[in-house]
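Chemist: My structure is below; once you've seen it, I'll send some questions.
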Amino acid sequence: MRLVFLGAPGVGKGTQAQRLAAEEGIPQISTGEILREAARLGTPLGLQAKSYMTAGKLVPDEVVIGIIREKLSELNGAGFILDGFPRTVAQAEALDRMLQENGPHGIQHVVNFEVPNNEIVRRLSGRRSCSSCPAVYHVTDAQPRREGVCDKCGAPLVQREDDKPDTIAARLKVYDQQTSPLVDYYKNRGLLRQLDATPPIDTVYENLRRLLGLRREEARPVG
Ligand code: AP5
């Protein structure tokens, strides 16, 4: 499947993308995670991106388009979940061009995650992220087994710098101004699928699968 997950910061794109990727074996490409990893490692890309991310601004188009070009070329047609890309009309147009270059492998569905702003602020303020791997938790809604410790790799959990109140407000504004035009961009192409992402994580996941027409394997009868 070739999917794009669209939606404001904190709607749960990453949470759902990780789960779907694991269950269906589809690679998840998260530009936010790639940029954070580069910042953790102190690479030139990470150093360039960090000041934008900490301020809640978008990293320049040419930088993220370059990242996606490289990632898509590594996939060998395995499908993908793009989580957090595209985020501007220029990025969406670049993605269309890249997919055309690789043959008739366009996007199949763009899932638009919808959550009211007050719930977004609650989710982002309570989010805790692993300091070492991409795992994500929430202080009340997605708790780790041991407080403050990642279930997957045992590293300490931290609050992302851009999950502080002022930066959350800046990110929501950037979303309204630069990313929300993509809703019409994809609606006009007949690719947009709306998903109410307000319910609990498991419910949203089942609704997402249904929206994408994904069935679970029936248990085989014994004997
Ligand atoms: P990025 O990491 O992509 O941030 P984002 O889009 O702002 O998305 P988030 O990671 O904040 O939220 P999410 O929707 O994935 O929610 P999550 O599942 O974590 O980007 C960070 C920065 O990188 C950007 O600001 C920008 O600077 C740069 N960048 C990235 N891509 C770029 C691009 N294409 N162009 C330019 N710059 C780019 O869930 C949030 C919380 O809610 C968690 O605690 C989770 O446990 C909880 N939760 C999830 N679902 C539910 C639910 N159903 N009920 C209750 N709680 C839930």
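Identifiers in this document derive from the order of the structure tokens: chains are assigned A, B, ..., residues are numbered from 1 separately in each chain, and ligands are numbered from 1 in order of occurrence.
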Quick one: pick out all strand (DSSP E) residues within stretch 100-211 of chain A from a backbone DSSP run and write them as a list in words.
Modeler: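 Put together, the selection reads His109, Val110, Val111, Asn112, Phe113, Glu114, Arg127, Arg128, Ser129, Cys130, Val136, Tyr137, His138, Leu157, Val158, Leu192, Arg193, Gln194, Leu195 and Asp196 of chain A.
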Chemist: Ligand 1: which residues are within 7 Å, counting only C-alpha atoms and all ligand atoms? Reply as a count of residues only.
Modeler: 46
Chemist: Need the shell around A:Lys50: protein/DNA/RNA residues with any atom at most 9 Å away, counting only C-alpha atoms. Skip same-chain ones fewer than 5 positions apart. Format as a PyMOL selection string?
Modeler: chain A and resi 35-36+38-39+45+55+59
Chemist: Please give the complete set of residues from stretch 15-77 of chain A that DSSP, run on the backbone, assigns to alpha helix (DSSP H), formatted as a ChimeraX atom specification.
Modeler: /A:15-24,31-41,44-54,61-73
Chemist: Which residues come within 12 Å of A:Leu99, counting only C-alpha atoms, excluding same-chain residues fewer than 3 positions away, as a PyMOL selection string?
Modeler: chain A and resi 2+68-69+72-73+75+77+79-80+92-96+102-108
Chemist: Could you please take those selected residues and save N, CA and C atoms as a tab-separated table (two decimals), in the first residue's frame?
Modeler:
chain	number	residue	atom	x	y	z
A	2	ARG	N	0.38	2.27	-0.64
A	2	ARG	CA	1.12	3.53	-0.66
A	2	ARG	C	0.23	4.61	-0.02
A	68	ILE	N	13.17	12.45	1.42
A	68	ILE	CA	12.15	11.53	0.91
A	68	ILE	C	12.61	10.90	-0.41
A	69	ARG	N	13.26	11.68	-1.25
A	69	ARG	CA	13.76	11.13	-2.52
A	69	ARG	C	14.68	9.94	-2.24
A	72	LEU	N	12.61	6.91	-0.73
A	72	LEU	CA	11.77	6.21	-1.72
A	72	LEU	C	12.63	5.37	-2.65
A	73	SER	N	13.83	5.87	-2.96
A	73	SER	CA	14.68	5.11	-3.90
A	73	SER	C	15.17	3.81	-3.27
A	75	LEU	N	13.26	1.79	-1.49
A	75	LEU	CA	12.14	0.91	-1.15
A	75	LEU	C	11.91	-0.24	-2.12
A	77	GLY	N	9.75	-0.50	-4.49
A	77	GLY	CA	8.33	-0.76	-4.72
A	77	GLY	C	7.63	-1.50	-3.60
A	79	GLY	N	5.96	-0.37	-1.16
A	79	GLY	CA	4.88	0.38	-0.54
A	79	GLY	C	5.45	1.24	0.58
A	80	PHE	N	4.60	2.11	1.18
A	80	PHE	CA	5.10	3.00	2.24
A	80	PHE	C	3.94	3.65	2.97
A	92	ALA	N	4.09	18.34	-1.77
A	92	ALA	CA	3.14	17.41	-2.41
A	92	ALA	C	3.40	17.32	-3.91
A	93	GLU	N	3.70	18.46	-4.53
A	93	GLU	CA	3.98	18.44	-5.97
A	93	GLU	C	5.27	17.69	-6.25
A	94	ALA	N	6.26	17.88	-5.38
A	94	ALA	CA	7.54	17.16	-5.57
A	94	ALA	C	7.30	15.65	-5.41
A	95	LEU	N	6.45	15.27	-4.45
A	95	LEU	CA	6.16	13.84	-4.25
A	95	LEU	C	5.49	13.26	-5.50
A	96	ASP	N	4.52	13.98	-6.05
A	96	ASP	CA	3.86	13.50	-7.28
A	96	ASP	C	4.90	13.25	-8.37
A	102	ASN	N	9.16	7.00	-10.86
A	102	ASN	CA	9.37	5.58	-10.53
A	102	ASN	C	8.32	4.67	-11.17
A	103	GLY	N	7.57	5.16	-12.14
A	103	GLY	CA	6.55	4.33	-12.79
A	103	GLY	C	5.18	4.61	-12.21
A	104	PRO	N	4.18	3.79	-12.59
A	104	PRO	CA	2.80	4.09	-12.19
A	104	PRO	C	2.51	3.65	-10.75
A	105	HIS	N	3.16	4.29	-9.79
A	105	HIS	CA	3.00	3.88	-8.40
A	105	HIS	C	2.56	5.05	-7.54
A	106	GLY	N	1.45	5.67	-7.91
A	106	GLY	CA	0.98	6.86	-7.18
A	106	GLY	C	0.43	6.51	-5.81
A	107	ILE	N	0.10	7.55	-5.05
A	107	ILE	CA	-0.49	7.37	-3.72
A	107	ILE	C	-1.88	6.73	-3.88
A	108	GLN	N	-2.20	5.80	-2.98
A	108	GLN	CA	-3.53	5.15	-3.04
A	108	GLN	C	-4.53	5.85	-2.12
Chemist: Please, what distance in Å, to one decimal, runs between atom CA of A:Thr43 and atom CA of A:Lys173?
Modeler: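 Between these atoms lies a distance of 28.3 Å.
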Chemist: Which neighbours of A:His109 fall inside 10 Å, counting only C-alpha atoms, when residues of the same chain fewer than 2 positions from it are skipped, and could you give them as an mmCIF file with N, CA, C and O atoms, in the first residue's frame?
Modeler:
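And here is the file that came out, part.cif:
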data_model
loop_
_atom_site.group_PDB
_atom_site.id
_atom_site.type_symbol
_atom_site.label_atom_id
_atom_site.label_comp_id
_atom_site.auth_asym_id
_atom_site.auth_seq_id
_atom_site.Cartn_x
_atom_site.Cartn_y
_atom_site.Cartn_z
ATOM 1 N N MET A 1 0.844 -1.204 0.000
ATOM 2 C CA MET A 1 0.000 0.000 0.000
ATOM 3 C C MET A 1 0.873 1.246 0.000
ATOM 4 O O MET A 1 1.932 1.245 0.613
ATOM 5 N N ARG A 2 0.381 2.275 -0.638
ATOM 6 C CA ARG A 2 1.123 3.535 -0.655
ATOM 7 C C ARG A 2 0.232 4.605 -0.024
ATOM 8 O O ARG A 2 -0.755 5.044 -0.630
ATOM 9 N N LEU A 3 0.589 4.970 1.222
ATOM 10 C CA LEU A 3 -0.293 5.793 2.041
ATOM 11 C C LEU A 3 0.400 7.079 2.482
ATOM 12 O O LEU A 3 1.605 7.073 2.745
ATOM 13 N N VAL A 4 -0.405 8.139 2.619
ATOM 14 C CA VAL A 4 0.054 9.377 3.259
ATOM 15 C C VAL A 4 -0.829 9.620 4.471
ATOM 16 O O VAL A 4 -2.063 9.555 4.358
ATOM 17 N N PHE A 5 -0.218 9.876 5.636
ATOM 18 C CA PHE A 5 -0.972 10.252 6.829
ATOM 19 C C PHE A 5 -0.839 11.756 7.034
ATOM 20 O O PHE A 5 0.256 12.280 7.230
ATOM 21 N N ILE A 81 4.248 4.070 4.201
ATOM 22 C CA ILE A 81 3.359 4.988 4.922
ATOM 23 C C ILE A 81 4.171 6.258 5.139
ATOM 24 O O ILE A 81 5.161 6.249 5.881
ATOM 25 N N GLY A 106 1.445 5.670 -7.906
ATOM 26 C CA GLY A 106 0.981 6.856 -7.176
ATOM 27 C C GLY A 106 0.432 6.506 -5.805
ATOM 28 O O GLY A 106 0.292 5.329 -5.442
ATOM 29 N N ILE A 107 0.096 7.549 -5.051
ATOM 30 C CA ILE A 107 -0.494 7.367 -3.723
ATOM 31 C C ILE A 107 -1.876 6.732 -3.884
ATOM 32 O O ILE A 107 -2.638 7.097 -4.773
ATOM 33 N N VAL A 111 -4.884 9.659 4.326
ATOM 34 C CA VAL A 111 -5.781 9.610 5.481
ATOM 35 C C VAL A 111 -5.619 10.910 6.265
ATOM 36 O O VAL A 111 -4.515 11.241 6.715
ATOM 37 N N ASN A 112 -6.728 11.647 6.392
ATOM 38 C CA ASN A 112 -6.692 12.914 7.127
ATOM 39 C C ASN A 112 -7.213 12.687 8.538
ATOM 40 O O ASN A 112 -8.406 12.493 8.747
ATOM 41 N N TYR A 186 -5.579 17.122 -1.944
ATOM 42 C CA TYR A 186 -5.816 15.686 -2.137
ATOM 43 C C TYR A 186 -7.294 15.373 -2.344
ATOM 44 O O TYR A 186 -7.626 14.387 -3.009
ATOM 45 N N GLY A 190 -9.271 13.142 -5.435
ATOM 46 C CA GLY A 190 -10.063 11.961 -5.070
ATOM 47 C C GLY A 190 -9.337 10.983 -4.154
ATOM 48 O O GLY A 190 -9.716 9.813 -4.062
ATOM 49 N N LEU A 191 -8.290 11.458 -3.453
ATOM 50 C CA LEU A 191 -7.483 10.539 -2.631
ATOM 51 C C LEU A 191 -7.766 10.663 -1.130
ATOM 52 O O LEU A 191 -7.319 9.834 -0.337
ATOM 53 N N LEU A 192 -8.497 11.710 -0.727
ATOM 54 C CA LEU A 192 -8.632 11.999 0.704
ATOM 55 C C LEU A 192 -9.628 11.078 1.393
ATOM 56 O O LEU A 192 -10.735 10.873 0.903
ATOM 57 N N ARG A 193 -9.223 10.505 2.531
ATOM 58 C CA ARG A 193 -10.118 9.694 3.381
ATOM 59 C C ARG A 193 -10.115 10.329 4.769
ATOM 60 O O ARG A 193 -9.053 10.433 5.389
ATOM 61 N N LEU A 211 -11.244 1.678 7.113
ATOM 62 C CA LEU A 211 -11.205 2.731 6.090
ATOM 63 C C LEU A 211 -10.329 2.316 4.902
ATOM 64 O O LEU A 211 -10.629 2.619 3.747
ATOM 65 N N LEU A 212 -9.253 1.595 5.212
ATOM 66 C CA LEU A 212 -8.317 1.188 4.156
ATOM 67 C C LEU A 212 -8.703 -0.149 3.524
ATOM 68 O O LEU A 212 -8.004 -0.638 2.642
#
Chemist: Which residue gives the smallest distance to A:Gln159 among A:Ser131, A:Glu147, A:Ile34, A:Ser180, with only C-alpha atoms counted?
Modeler: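 Residue with the minimum atom-to-atom distance to A:Gln159: A:Ser131.
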Chemist: Please compute the atom CA of A:Ala135-atom CA of A:Asp151 distance, one decimal, in Å.
Modeler: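 Those two atoms sit 8.4 Å apart.
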Chemist: Kindly give the distance, in Å, that separates atom CA of A:Ile65 and atom CA of A:Arg189, rounded to a single decimal.
Modeler: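 Straight-line distance from atom CA of A:Ile65 to atom CA of A:Arg189 works out to 20.9 Å.
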Chemist: Please determine, counting only C-alpha atoms, which residue among A:Ser51, A:Gln91, A:Tyr205, A:Arg146 has the shortest atom-to-atom distance to A:Tyr185.
Modeler: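 Nearest candidate to A:Tyr185 out of A:Ser51, A:Gln91, A:Tyr205, A:Arg146: A:Gln91.
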Chemist: Using only C-alpha atoms, can you tell me which of A:Arg145, A:Arg215, A:Arg40, A:Arg122 comes closest to A:Glu24?
Modeler: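 Among A:Arg145, A:Arg215, A:Arg40, A:Arg122, it is A:Arg215 that comes nearest to A:Glu24.
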